[in-house]
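Engineer: Okay, so here is upload_36.txt, and as you'll see once you scroll down, it has compact mmCIF, C-alpha atoms.
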# COMPACT_ATOMS: atom_id res chain seq x y z
CA ASN A 6 162.60 57.22 99.15
CA ALA A 7 160.74 55.50 101.95
CA GLY A 8 157.98 54.22 99.65
CA VAL A 9 154.83 53.44 101.60
CA THR A 10 154.97 54.02 105.36
CA GLN A 11 152.37 52.66 107.75
CA THR A 12 151.95 53.43 111.43
CA PRO A 13 151.64 51.86 113.90
CA LYS A 14 153.21 48.45 113.23
CA PHE A 15 151.35 46.77 116.07
CA GLN A 16 148.22 47.69 117.98
CA VAL A 17 146.01 46.01 120.56
CA LEU A 18 142.51 47.36 121.11
CA LYS A 19 139.60 46.47 123.32
CA THR A 20 136.22 45.88 121.74
CA GLY A 21 134.50 49.19 121.13
CA GLN A 22 137.64 51.32 121.07
CA SER A 23 138.44 53.46 118.07
CA MET A 24 141.68 54.08 116.26
CA THR A 25 143.14 55.36 113.01
CA LEU A 26 145.75 53.63 110.92
CA GLN A 27 148.00 56.03 109.08
CA CYS A 28 149.54 55.59 105.65
CA ALA A 29 151.76 57.88 103.63
CA GLN A 30 153.53 57.46 100.29
CA ASP A 31 156.29 59.55 98.79
CA MET A 32 156.08 58.30 95.19
CA ASN A 33 153.53 60.87 94.02
CA HIS A 34 151.06 58.10 93.25
CA ASN A 35 147.48 58.97 92.46
CA SER A 36 145.82 55.85 93.87
CA MET A 37 145.96 54.46 97.38
CA TYR A 38 144.40 51.36 98.94
CA TRP A 39 143.69 49.63 102.23
CA TYR A 40 143.69 45.82 102.39
CA ARG A 41 143.23 43.41 105.23
CA GLN A 42 144.69 39.93 105.45
CA ASP A 43 143.36 37.28 107.80
CA PRO A 44 145.52 34.25 108.71
CA GLY A 45 146.03 31.88 105.79
CA MET A 46 144.02 34.01 103.42
CA GLY A 47 144.68 36.43 100.61
CA LEU A 48 144.28 40.16 100.80
CA ARG A 49 140.83 41.72 100.69
CA LEU A 50 140.30 45.27 99.55
CA ILE A 51 138.61 47.47 102.16
CA TYR A 52 138.62 50.89 100.53
CA TYR A 53 140.53 52.62 97.81
CA SER A 54 141.11 56.14 96.59
CA ALA A 55 141.61 56.50 92.86
CA SER A 56 142.77 60.08 93.22
CA GLU A 57 143.02 62.86 95.78
CA GLY A 58 139.57 63.79 96.98
CA THR A 59 137.85 60.52 96.06
CA THR A 60 137.26 57.31 97.99
CA ASP A 61 135.30 54.17 97.13
CA LYS A 62 134.31 50.95 98.84
CA GLY A 63 136.12 47.71 98.12
CA GLU A 64 135.17 44.12 99.02
CA VAL A 65 134.83 44.49 102.79
CA PRO A 66 134.14 48.14 103.76
CA ASN A 67 131.74 47.59 106.68
CA GLY A 68 133.07 48.85 110.00
CA TYR A 69 135.67 51.13 108.42
CA ASN A 70 135.98 54.70 107.23
CA VAL A 71 138.74 56.31 105.24
CA SER A 72 140.10 59.77 104.55
CA ARG A 73 142.31 60.80 101.66
CA LEU A 74 143.85 63.73 103.49
CA ASN A 75 146.01 64.81 100.56
CA LYS A 76 147.83 63.11 97.73
CA ARG A 77 150.35 61.54 100.11
CA GLU A 78 148.17 60.34 102.95
CA PHE A 79 145.30 57.85 103.22
CA SER A 80 144.03 56.90 106.67
CA LEU A 81 141.79 54.05 107.80
CA ARG A 82 139.56 54.48 110.85
CA LEU A 83 137.87 51.89 113.00
CA GLU A 84 135.13 53.72 114.91
CA SER A 85 134.16 50.82 117.18
CA ALA A 86 136.59 47.94 116.93
CA ALA A 87 135.29 44.37 116.94
CA PRO A 88 137.18 41.07 117.36
CA SER A 89 136.32 40.25 113.73
CA GLN A 90 138.58 43.12 112.72
CA THR A 91 141.65 41.39 114.12
CA SER A 92 143.87 41.18 111.07
CA VAL A 93 146.97 42.49 109.34
CA TYR A 94 146.28 45.71 107.49
CA PHE A 95 148.25 46.74 104.43
CA CYS A 96 148.28 50.09 102.72
CA ALA A 97 149.33 50.31 99.08
CA SER A 98 149.72 52.92 96.39
CA SER A 99 149.97 52.92 92.62
CA GLY A 100 149.85 55.19 89.60
CA VAL A 101 152.44 56.02 87.00
CA GLN A 102 152.81 59.76 86.55
CA GLY A 103 151.59 60.87 83.15
CA ALA A 104 150.38 57.43 82.16
CA HIS A 105 146.99 56.78 80.65
CA ARG A 106 144.57 55.43 83.22
CA LEU A 107 144.40 52.12 81.33
CA ASP A 108 148.18 51.65 81.41
CA PRO A 109 148.71 48.30 83.16
CA LEU A 110 151.65 49.73 85.06
CA ASN A 111 149.08 51.74 87.00
CA GLU A 112 148.30 48.44 88.71
CA LYS A 113 151.84 47.99 89.97
CA LEU A 114 151.05 48.23 93.64
CA PHE A 115 153.62 49.24 96.22
CA PHE A 116 152.80 47.97 99.69
CA GLY A 117 153.67 49.12 103.17
CA SER A 118 154.99 46.72 105.78
CA GLY A 119 151.63 46.23 107.44
CA THR A 120 149.93 46.84 110.79
CA GLN A 121 149.17 43.87 113.02
CA LEU A 122 145.90 44.71 114.80
CA SER A 123 144.41 42.62 117.59
CA VAL A 124 140.97 43.40 119.01
CA LEU A 125 140.22 41.70 122.31
CA ASP B 6 134.17 39.64 86.50
CA ALA B 7 137.22 37.48 85.96
CA LYS B 8 138.39 35.29 88.80
CA THR B 9 141.46 33.13 89.11
CA THR B 10 142.13 29.59 90.33
CA GLN B 11 145.50 28.45 91.66
CA PRO B 12 146.71 25.31 93.44
CA PRO B 13 146.99 25.99 97.17
CA SER B 14 150.56 24.75 97.49
CA MET B 15 153.57 23.55 95.48
CA ASP B 16 157.08 22.34 96.20
CA CYS B 17 160.24 22.95 94.22
CA ALA B 18 163.86 21.91 94.63
CA GLU B 19 166.42 24.68 94.88
CA GLY B 20 168.00 25.44 91.50
CA ARG B 21 165.14 23.94 89.54
CA ALA B 22 162.46 25.81 87.66
CA ALA B 23 159.26 26.55 89.53
CA ASN B 24 156.18 26.58 87.29
CA LEU B 25 153.12 28.08 88.95
CA PRO B 26 149.84 27.62 87.05
CA CYS B 27 146.78 29.84 87.10
CA ASN B 28 143.37 29.48 85.48
CA HIS B 29 141.45 32.61 84.53
CA SER B 30 138.89 31.18 82.14
CA THR B 31 136.50 34.15 82.36
CA ILE B 32 139.07 36.82 81.62
CA SER B 33 137.95 39.37 79.05
CA GLY B 34 139.90 40.35 75.98
CA ASN B 35 141.45 43.51 77.33
CA GLU B 36 142.26 42.39 80.87
CA TYR B 37 145.83 41.93 81.99
CA VAL B 38 147.02 39.15 84.27
CA TYR B 39 149.22 40.25 87.16
CA TRP B 40 151.45 38.24 89.44
CA TYR B 41 152.53 39.27 92.91
CA ARG B 42 154.26 37.40 95.69
CA GLN B 43 154.24 37.75 99.45
CA ILE B 44 157.24 36.62 101.44
CA HIS B 45 156.33 35.63 104.97
CA SER B 46 154.28 38.48 106.47
CA GLN B 47 155.64 41.29 104.32
CA GLY B 48 153.51 43.33 101.94
CA PRO B 49 153.06 41.72 98.50
CA GLN B 50 155.60 42.51 95.81
CA TYR B 51 154.85 42.99 92.12
CA ILE B 52 156.46 40.40 89.83
CA ILE B 53 155.16 40.71 86.29
CA HIS B 54 152.07 41.27 84.16
CA GLY B 55 150.92 40.26 80.68
CA LEU B 56 148.07 40.50 78.19
CA LYS B 57 148.58 37.85 75.51
CA ASN B 58 152.25 37.71 74.71
CA ASN B 59 154.81 35.92 76.83
CA GLU B 60 156.70 38.27 79.09
CA THR B 61 160.06 38.11 80.85
CA ASN B 62 161.78 40.34 83.33
CA GLU B 63 164.57 40.02 85.85
CA MET B 64 162.34 38.19 88.29
CA ALA B 65 160.35 35.72 86.22
CA SER B 66 158.74 34.70 82.94
CA LEU B 67 155.02 34.67 82.22
CA ILE B 68 153.53 32.28 79.68
CA ILE B 69 149.94 32.99 78.64
CA THR B 70 148.02 30.45 76.58
CA GLU B 71 146.71 31.50 73.20
CA ASP B 72 143.11 31.43 74.41
CA ARG B 73 144.19 33.47 77.46
CA LYS B 74 142.31 31.17 79.81
CA SER B 75 145.40 30.22 81.77
CA SER B 76 148.93 31.30 82.44
CA THR B 77 152.09 30.01 84.09
CA LEU B 78 154.62 31.95 86.11
CA ILE B 79 158.10 30.54 85.76
CA LEU B 80 160.93 31.11 88.21
CA PRO B 81 163.80 29.66 86.15
CA HIS B 82 166.19 28.84 88.99
CA ALA B 83 164.32 28.86 92.27
CA THR B 84 166.20 29.76 95.43
CA LEU B 85 165.23 29.42 99.08
CA ARG B 86 164.40 33.13 99.07
CA ASP B 87 161.65 32.46 96.52
CA THR B 88 159.63 30.64 99.18
CA ALA B 89 156.47 32.74 99.30
CA VAL B 90 152.79 32.90 98.44
CA TYR B 91 152.27 33.72 94.76
CA TYR B 92 149.13 35.50 93.64
CA CYS B 93 147.73 35.44 90.12
CA ILE B 94 145.22 38.25 89.87
CA VAL B 95 143.01 40.17 87.48
CA LYS B 96 140.84 43.22 87.90
CA VAL B 97 137.31 43.30 89.21
CA ARG B 98 134.97 46.22 88.63
CA PHE B 99 133.67 47.98 91.70
CA SER B 100 130.73 50.30 92.18
CA GLY B 101 132.93 53.35 91.92
CA GLY B 102 133.48 52.50 88.28
CA TYR B 103 137.08 51.50 88.68
CA ASN B 104 138.56 48.09 88.04
CA LYS B 105 140.75 46.99 90.90
CA LEU B 106 142.96 44.02 91.60
CA ILE B 107 141.47 41.29 93.78
CA PHE B 108 143.81 38.90 95.56
CA GLY B 109 142.73 35.29 96.03
CA ALA B 110 144.37 32.77 98.36
CA GLY B 111 147.35 32.26 96.04
CA THR B 112 149.82 29.36 95.80
CA ARG B 113 152.18 28.72 98.66
CA LEU B 114 155.51 27.78 97.06
CA ALA B 115 158.04 26.01 99.22
CA VAL B 116 161.58 25.81 97.82
CA HIS B 117 163.65 23.17 99.56
CA PRO B 118 167.37 22.38 99.46
Please, can you express the file's structure as structure tokens?

Structural biologist:
Amino acid sequence: NAGVTQTPKFQVLKTGQSMTLQCAQDMNHNSMYWYRQDPGMGLRLIYYSASEGTTDKGEVPNGYNVSRLNKREFSLRLESAAPSQTSVYFCASSGVQGAHRLDPLNEKLFFGSGTQLSVL
Amino acid sequence: DAKTTQPPSMDCAEGRAANLPCNHSTISGNEYVYWYRQIHSQGPQYIIHGLKNNETNEMASLIITEDRKSSTLILPHATLRDTAVYYCIVKVRFSGGYNKLIFGAGTRLAVHP
């Protein structure tokens, strides 16, 4: 199993350009997440999708949109990139099949390897 | 909403136990504490979680105080490969009605020879 796969690994954009970060998981997880990590800081939750067909805002959703295309895929879109969006972006998934939603193992997140995004 | 407090950095000698503290004084009775670590620029990796009993797995041990206001992650025999940022985290409720994990700045553990 590949786990969580993110593409691209690196991207450079000019201010105002748009792009979509792709994420796919092959673990049949219900929940998927997008985080960003700025230098020297922890991860901040941008958006999450608790299940296929639903998405919700996290800590820092402004400037981003997401699409839960199907159970496997969760994409993050920057419509008009800004230098403040320069960061490392991580996708994650979680969700134990058949477990109660309050099962703590549902919070065992599996992360992708990240996308380094620079906006000039 | 429960938040956590961790020291920004710690050092540990290789082969010794690394004890990483975390304060979560506002944690509610049914919230779990989770620990993750991030090695260099990789995605974070789950380590362990606990509610009120001490827990142990192949990676680490978790000691939670009786009042649940703090916990300690123990790496019994730290190696150079354990050099990483360690996050102690609990859930925060968001507007969508779901409780999700929020990562703070974590503790940067440096294991030296």

Engineer: Up to 7 Å from chain A, what residues of chain B turn up? Count all atoms listed in the file and give them as a PyMOL selection string.

Structural biologist: chain B and resi 47-49+51+99+101+107-111

Engineer: When you look at Ser30 (chain B) with a cut-off of 8 Å (counting all atoms listed in the file), what residues show up, excluding the ones that are within fewer than 4 positions of it in the same chain? I need them as a ChimeraX atom specification.

Structural biologist: /B:7-9,73-75

Engineer: Find the spatial neighbours of Tyr92 (chain B), counting only C-alpha atoms, within a cut-off of 6 Å - ignore same-chain residues fewer than 4 positions away - and output them as a list of chain:residue names.

Structural biologist: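 Near neighbours after the sequence-gap exclusion: B:Trp40, B:Tyr41, B:Arg42, B:Gly111.
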
Engineer: Considering only C-alpha atoms, return as JSON, numbers by chain whatever protein or nucleic-acid residues lie within 12 Å of Thr88 (chain B), sequence-local ones (same chain, fewer than 3 positions apart) excluded.

Structural biologist: {"B": [14, 15, 16, 17, 18, 19, 23, 42, 43, 44, 45, 46, 80, 83, 84, 85, 91, 112, 113, 114, 115, 116, 117, 118]}

Engineer: Give me the residues within 9 Å of Asn58 (chain B) as a PyMOL selection string, counting all atoms listed in the file and dropping any in the same chain fewer than 5 places off.

Structural biologist: chain B and resi 67-71

Engineer: Please save C-alpha atoms of the selected residues as a PDB file, in the frame of the given file.

Structural biologist:
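Dumped everything to out34.pdb:
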ATOM      1  CA  LEU B  67     155.020  34.670  82.220  1.00  0.00           C
ATOM      2  CA  ILE B  68     153.530  32.280  79.680  1.00  0.00           C
ATOM      3  CA  ILE B  69     149.940  32.990  78.640  1.00  0.00           C
ATOM      4  CA  THR B  70     148.020  30.450  76.580  1.00  0.00           C
ATOM      5  CA  GLU B  71     146.710  31.500  73.200  1.00  0.00           C
TER       6      GLU B  71
END

Engineer: So that I can check the surroundings of His82 (chain B), please list as a list in words every protein, DNA and RNA residue that reaches within 6 Å of it, counting all atoms listed in the file and ignoring chain neighbours fewer than 2 positions away.

Structural biologist: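 Answer for this query is Gly20, Arg21, Ala22 and Leu80 of chain B.
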
Engineer: In Å to one decimal, how far is CA of Leu122 (chain A) from CA of Ile94 (chain B)?

Structural biologist: 25.8 Å

Engineer: Would you mind reading off the distance between CA of Val9 (chain A) and CA of Trp39 (chain A), one decimal, in Å?

Structural biologist: 11.8 Å

Engineer: Mind giving me the straight-line distance from CA of Gln50 (chain B) to CA of Val90 (chain B) in Å, one decimal?

Structural biologist: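 Straight-line distance from CA of Gln50 (chain B) to CA of Val90 (chain B) works out to 10.4 Å.
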
Engineer: Mind listing whatever residues come within 9 Å of the point (143.6, 53.1, 108.0)? Use all atoms listed in the file, file coordinates, and give them as a list of chain:residue names.

Structural biologist: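 It turns out the residues near that spot are A:Gln11, A:Met24, A:Thr25, A:Leu26, A:Gln27, A:Cys28, A:Trp39, A:Tyr69, A:Asn70, A:Val71, A:Ser72, A:Phe79, A:Ser80, A:Leu81, A:Arg82, A:Leu83, A:Tyr94, A:Phe95, A:Cys96.
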